[in-house]
Amino acid sequence: MKPVKILVIGALGQLGTELTAALRKQHGSHAVIAADRHTQDTVQGPYVQLDVLNFGALADLVRREKVTQIYLLAAMLSASGEQNIHAAWELNMQGLIHVLKIAAAQRLDKVFWPSSIAVFGPGSPKHLCPQDTFIQPNTIYGISKRSGEYWCNYYFEKHGVDVRSLRYPGLISHSTPPGGGTTDYAVDIFYKALDGQTFRCFLKEDTCLPMMYMPDAVRATLELMEAPKEQVRVRTSYNLAAMSFSPCDLAAAIRERLPAFDIQYEPDYRQAIADSWPASIQDASARQDWGWKPGYDLNAMVTEMLQQLQERRQ
Ligand code: AKB
C-alpha cells in the first residue's frame, strides 16, 4: 500500500485551516501538504504556493510529491460569487475539473470536494429539505456547486475516482474568519458582541438558515473520508445538518450571556440569496450510510464561541 500523502488546496481558508490541522493530527505533519494561492509564514509544516487554475503546476506537484488524496477547498462563496460571476464559475468549476482529471490520470486513492446547501433553490422544500428533491439553484455559487456534484458523480461512475462530498451548511468558527458567504453574519456577530458594539445584520431577523459549528464540520469530513468505500452511496454530495437558527435566535442566545448586546437589521442583496435557501436540512442518508451525528446545537456553539474568543483576547 502507498503511504498516505494528502494535498489540501485552499488550506488558508476558513475550512482549510482547521481541516489541515486535523489531518496533520491524524496522519502526521509530513503527510499533509497545505497549498493556497498566497504566500504565508504562519502555517507550520509543508506548504506550497499554488493556483488550482494552473493545471500543469498542480499535476506536477501531485506527481512529484506522490500525493494519494486531494481535499479541494478553494472556492468563491455565494455573496462574492454573485458579484464576480465569471471568476466564481472559473474557480469553482475549473478548479474541480482539474482535480478530477488529475485524480483519474494519476490514480489517486480519494478526493474530497465540498458542496453546499446553496445547491437548493427557491423551489426546494423550505423545511427539512431532503437529499433528493427539486433542485434549481439561482446563484452562480449554487449552480457551480450543483454542477460540481454531477461532475463528481460522473468521474466516480466513468473513471472510478473515489470522490466524496458534503453539502455544508453555514460554518461557524472561532479560529479563522470566513469570507464572502451569506451565512458569514453568524461569525461576525460574535466579534461585535465582544467589542460591545452594535451589530448591523445584513439579513432580516427571522431568516432561518442551516448552520454548523466548525468542529462538527471537520469531524463529518474526516468520518466521511474514513468510511469504507461501499458505504458511501451518495456520489453527488451528502446533505449534512446540525442546527438551524435566524439572526434573532442567535442574538437572543448571545444576549443571554452578554445582556448589553445590541443588533440592528439592515438587509442588503444577501437577503435574496438567503431567501432562496432552505431553513433546515434533512440528513438521513449521511446518518444511515456512515453514521453521521452532530455534536453541537445553538447553545453549545454560542457558549464555546464566546469562551474561545474571550480567551484569545486575554
Ligand atoms: C455561503 O454562505 O456562501 C456559504 C455556504 C452556505 O456555502 N457559507
# chains A, B, ... in the order shown; residues from 1 in each chain; ligands from 1

$ residues_around --residues "A:Val8" --least-positions-apart "5" --cutoff "6 Å" --atoms "only C-alpha atoms" --output "PyMOL selection string"
chain A and resi 34-35+70-71

$ residues_near_ligand --ligand "ligand 1" --cutoff "7 Å" --atoms "only C-alpha atoms and all ligand atoms" --output "PyMOL selection string"
chain A and resi 77-79+116-118+168-171+180-184

$ write_last_selection --atoms "N, CA and C atoms" --output "mmCIF file, in the first residue's frame"
data_model
loop_
_atom_site.group_PDB
_atom_site.id
_atom_site.type_symbol
_atom_site.label_atom_id
_atom_site.label_comp_id
_atom_site.auth_asym_id
_atom_site.auth_seq_id
_atom_site.Cartn_x
_atom_site.Cartn_y
_atom_site.Cartn_z
ATOM 1 N N LEU A 77 -17.375 31.979 -2.493
ATOM 2 C CA LEU A 77 -18.668 31.692 -1.849
ATOM 3 C C LEU A 77 -19.810 32.518 -2.463
ATOM 4 N N SER A 78 -21.005 32.342 -1.885
ATOM 5 C CA SER A 78 -22.225 32.835 -2.539
ATOM 6 C C SER A 78 -22.271 34.349 -2.757
ATOM 7 N N ALA A 79 -21.948 35.132 -1.722
ATOM 8 C CA ALA A 79 -22.121 36.582 -1.847
ATOM 9 C C ALA A 79 -21.061 37.162 -2.787
ATOM 10 N N SER A 116 -22.597 22.481 -0.967
ATOM 11 C CA SER A 116 -23.207 23.441 -0.040
ATOM 12 C C SER A 116 -24.729 23.338 -0.096
ATOM 13 N N ILE A 117 -25.365 23.838 0.976
ATOM 14 C CA ILE A 117 -26.823 23.968 0.950
ATOM 15 C C ILE A 117 -27.275 24.926 -0.158
ATOM 16 N N ALA A 118 -26.303 25.663 -0.739
ATOM 17 C CA ALA A 118 -26.610 26.602 -1.829
ATOM 18 C C ALA A 118 -27.052 25.884 -3.102
ATOM 19 N N TYR A 168 -22.228 21.382 2.910
ATOM 20 C CA TYR A 168 -22.096 22.068 4.200
ATOM 21 C C TYR A 168 -23.168 23.141 4.356
ATOM 22 N N PRO A 169 -23.668 23.273 5.582
ATOM 23 C CA PRO A 169 -24.463 24.463 5.935
ATOM 24 C C PRO A 169 -23.492 25.633 6.168
ATOM 25 N N GLY A 170 -23.972 26.764 6.669
ATOM 26 C CA GLY A 170 -23.085 27.862 7.043
ATOM 27 C C GLY A 170 -22.153 27.399 8.154
ATOM 28 N N LEU A 171 -20.853 27.674 8.030
ATOM 29 C CA LEU A 171 -19.886 27.180 9.027
ATOM 30 C C LEU A 171 -19.452 28.308 9.954
ATOM 31 N N GLY A 180 -16.927 36.206 2.210
ATOM 32 C CA GLY A 180 -17.756 36.220 1.003
ATOM 33 C C GLY A 180 -18.983 35.349 1.032
ATOM 34 N N GLY A 181 -19.395 34.854 2.208
ATOM 35 C CA GLY A 181 -20.578 33.992 2.283
ATOM 36 C C GLY A 181 -21.801 34.747 2.791
ATOM 37 N N THR A 182 -22.968 34.161 2.566
ATOM 38 C CA THR A 182 -24.227 34.754 3.041
ATOM 39 C C THR A 182 -24.448 34.414 4.515
ATOM 40 N N THR A 183 -23.860 33.303 4.963
ATOM 41 C CA THR A 183 -24.027 32.896 6.356
ATOM 42 C C THR A 183 -22.967 33.526 7.278
ATOM 43 N N ASP A 184 -22.091 34.349 6.711
ATOM 44 C CA ASP A 184 -20.963 34.884 7.491
ATOM 45 C C ASP A 184 -21.383 35.789 8.643
#

$ closest_residue --among "A:Gln94, A:Thr303, A:Ala279, A:Pro259" --to "A:Ala193" --atoms "only C-alpha atoms"
A:Pro259

$ atom_distance --atom1 "atom CA of A:Ile6" --atom2 "atom CA of A:Ala87"
26.8 Å

$ closest_residue --among "A:Pro247, A:Ser80, A:His30, A:Val232" --to "A:Asp188" --atoms "only C-alpha atoms"
A:Pro247

$ residues_around --residues "A:Ala105" --least-positions-apart "6" --cutoff "12 Å" --atoms "only C-alpha atoms" --output "list in words"
Ala59, Val62, Arg63, His98, Val99, Tyr155, His159, Gly160 and Val161 of chain A

$ closest_residue --among "A:Leu258, A:Met211, A:Ala272, A:Leu23" --to "A:Ile172" --atoms "only C-alpha atoms"
A:Met211

$ atom_distance --atom1 "atom CA of A:Phe134" --atom2 "atom CA of A:Glu149"
14.8 Å

$ decode --residues "stretch 34-72 of chain A" --atoms "N, CA and C atoms" --output "CSV table (one decimal), in the first residue's frame"
chain,number,residue,atom,x,y,z
A,34,ALA,N,0.0,21.6,2.7
A,34,ALA,CA,-1.0,22.6,2.6
A,34,ALA,C,-0.7,23.5,1.4
A,35,ALA,N,-1.7,23.9,0.6
A,35,ALA,CA,-1.5,24.7,-0.5
A,35,ALA,C,-2.5,25.8,-0.6
A,36,ASP,N,-2.1,26.9,-1.0
A,36,ASP,CA,-3.0,28.0,-1.3
A,36,ASP,C,-2.3,29.0,-2.2
A,37,ARG,N,-3.1,30.0,-2.8
A,37,ARG,CA,-2.5,30.8,-3.8
A,37,ARG,C,-1.7,32.0,-3.2
A,38,HIS,N,-1.8,32.1,-1.8
A,38,HIS,CA,-1.0,33.2,-1.2
A,38,HIS,C,0.3,32.7,-0.6
A,39,THR,N,1.3,33.6,-0.5
A,39,THR,CA,2.5,33.2,0.3
A,39,THR,C,2.1,33.3,1.8
A,40,GLN,N,2.7,32.6,2.6
A,40,GLN,CA,2.4,32.6,4.0
A,40,GLN,C,3.6,32.2,4.9
A,41,ASP,N,3.6,32.6,6.1
A,41,ASP,CA,4.6,32.1,7.0
A,41,ASP,C,4.1,31.8,8.4
A,42,THR,N,2.8,31.5,8.5
A,42,THR,CA,2.2,31.2,9.8
A,42,THR,C,1.9,29.7,9.9
A,43,VAL,N,1.5,29.0,8.8
A,43,VAL,CA,1.2,27.6,8.9
A,43,VAL,C,2.5,26.8,9.1
A,44,GLN,N,2.5,26.0,10.1
A,44,GLN,CA,3.6,25.1,10.3
A,44,GLN,C,3.5,23.9,9.4
A,45,GLY,N,4.6,23.3,9.0
A,45,GLY,CA,4.5,22.1,8.2
A,45,GLY,C,4.6,22.4,6.7
A,46,PRO,N,4.6,21.4,5.9
A,46,PRO,CA,4.8,21.6,4.4
A,46,PRO,C,3.7,22.5,3.8
A,47,TYR,N,4.2,23.5,3.1
A,47,TYR,CA,3.3,24.5,2.5
A,47,TYR,C,3.8,24.8,1.1
A,48,VAL,N,2.9,24.9,0.1
A,48,VAL,CA,3.2,25.2,-1.3
A,48,VAL,C,2.3,26.3,-1.8
A,49,GLN,N,2.9,27.3,-2.4
A,49,GLN,CA,2.0,28.3,-3.1
A,49,GLN,C,1.5,27.8,-4.4
A,50,LEU,N,0.2,27.7,-4.6
A,50,LEU,CA,-0.3,27.0,-5.8
A,50,LEU,C,-1.7,27.7,-6.2
A,51,ASP,N,-1.8,27.8,-7.5
A,51,ASP,CA,-3.1,28.3,-8.0
A,51,ASP,C,-3.8,27.1,-8.7
A,52,VAL,N,-4.9,26.7,-8.2
A,52,VAL,CA,-5.6,25.4,-8.7
A,52,VAL,C,-5.9,25.6,-10.2
A,53,LEU,N,-6.0,26.8,-10.7
A,53,LEU,CA,-6.3,27.0,-12.1
A,53,LEU,C,-5.1,26.7,-13.0
A,54,ASN,N,-3.9,26.6,-12.4
A,54,ASN,CA,-2.7,26.2,-13.1
A,54,ASN,C,-2.6,24.7,-13.2
A,55,PHE,N,-3.2,24.1,-14.2
A,55,PHE,CA,-3.2,22.7,-14.3
A,55,PHE,C,-1.9,22.0,-14.3
A,56,GLY,N,-0.9,22.6,-15.0
A,56,GLY,CA,0.4,22.0,-15.1
A,56,GLY,C,1.1,21.9,-13.8
A,57,ALA,N,1.0,23.1,-13.1
A,57,ALA,CA,1.7,23.1,-11.8
A,57,ALA,C,1.1,22.1,-10.8
A,58,LEU,N,-0.2,22.0,-10.8
A,58,LEU,CA,-0.9,21.1,-9.9
A,58,LEU,C,-0.6,19.6,-10.3
A,59,ALA,N,-0.6,19.3,-11.6
A,59,ALA,CA,-0.3,17.9,-12.0
A,59,ALA,C,1.1,17.6,-11.6
A,60,ASP,N,2.1,18.5,-11.8
A,60,ASP,CA,3.5,18.3,-11.4
A,60,ASP,C,3.6,18.0,-9.9
A,61,LEU,N,3.0,18.9,-9.1
A,61,LEU,CA,3.1,18.8,-7.7
A,61,LEU,C,2.6,17.4,-7.2
A,62,VAL,N,1.4,17.0,-7.7
A,62,VAL,CA,0.8,15.7,-7.3
A,62,VAL,C,1.8,14.6,-7.7
A,63,ARG,N,2.4,14.6,-8.9
A,63,ARG,CA,3.3,13.6,-9.3
A,63,ARG,C,4.5,13.6,-8.5
A,64,ARG,N,5.1,14.8,-8.3
A,64,ARG,CA,6.4,14.9,-7.6
A,64,ARG,C,6.3,14.5,-6.1
A,65,GLU,N,5.2,14.8,-5.5
A,65,GLU,CA,5.0,14.6,-4.1
A,65,GLU,C,4.3,13.2,-3.8
A,66,LYS,N,4.0,12.5,-4.9
A,66,LYS,CA,3.3,11.2,-4.7
A,66,LYS,C,2.0,11.4,-3.9
A,67,VAL,N,1.3,12.4,-4.2
A,67,VAL,CA,0.0,12.6,-3.5
A,67,VAL,C,-1.0,11.5,-3.7
A,68,THR,N,-1.7,11.1,-2.7
A,68,THR,CA,-2.7,10.0,-2.8
A,68,THR,C,-4.1,10.5,-2.6
A,69,GLN,N,-4.2,11.7,-1.9
A,69,GLN,CA,-5.6,12.2,-1.7
A,69,GLN,C,-5.5,13.7,-1.8
A,70,ILE,N,-6.6,14.3,-2.4
A,70,ILE,CA,-6.7,15.7,-2.5
A,70,ILE,C,-8.0,16.2,-1.8
A,71,TYR,N,-7.8,17.2,-1.0
A,71,TYR,CA,-9.0,18.0,-0.5
A,71,TYR,C,-9.0,19.3,-1.2
A,72,LEU,N,-10.0,19.5,-2.0
A,72,LEU,CA,-10.1,20.8,-2.8
A,72,LEU,C,-11.1,21.7,-2.1
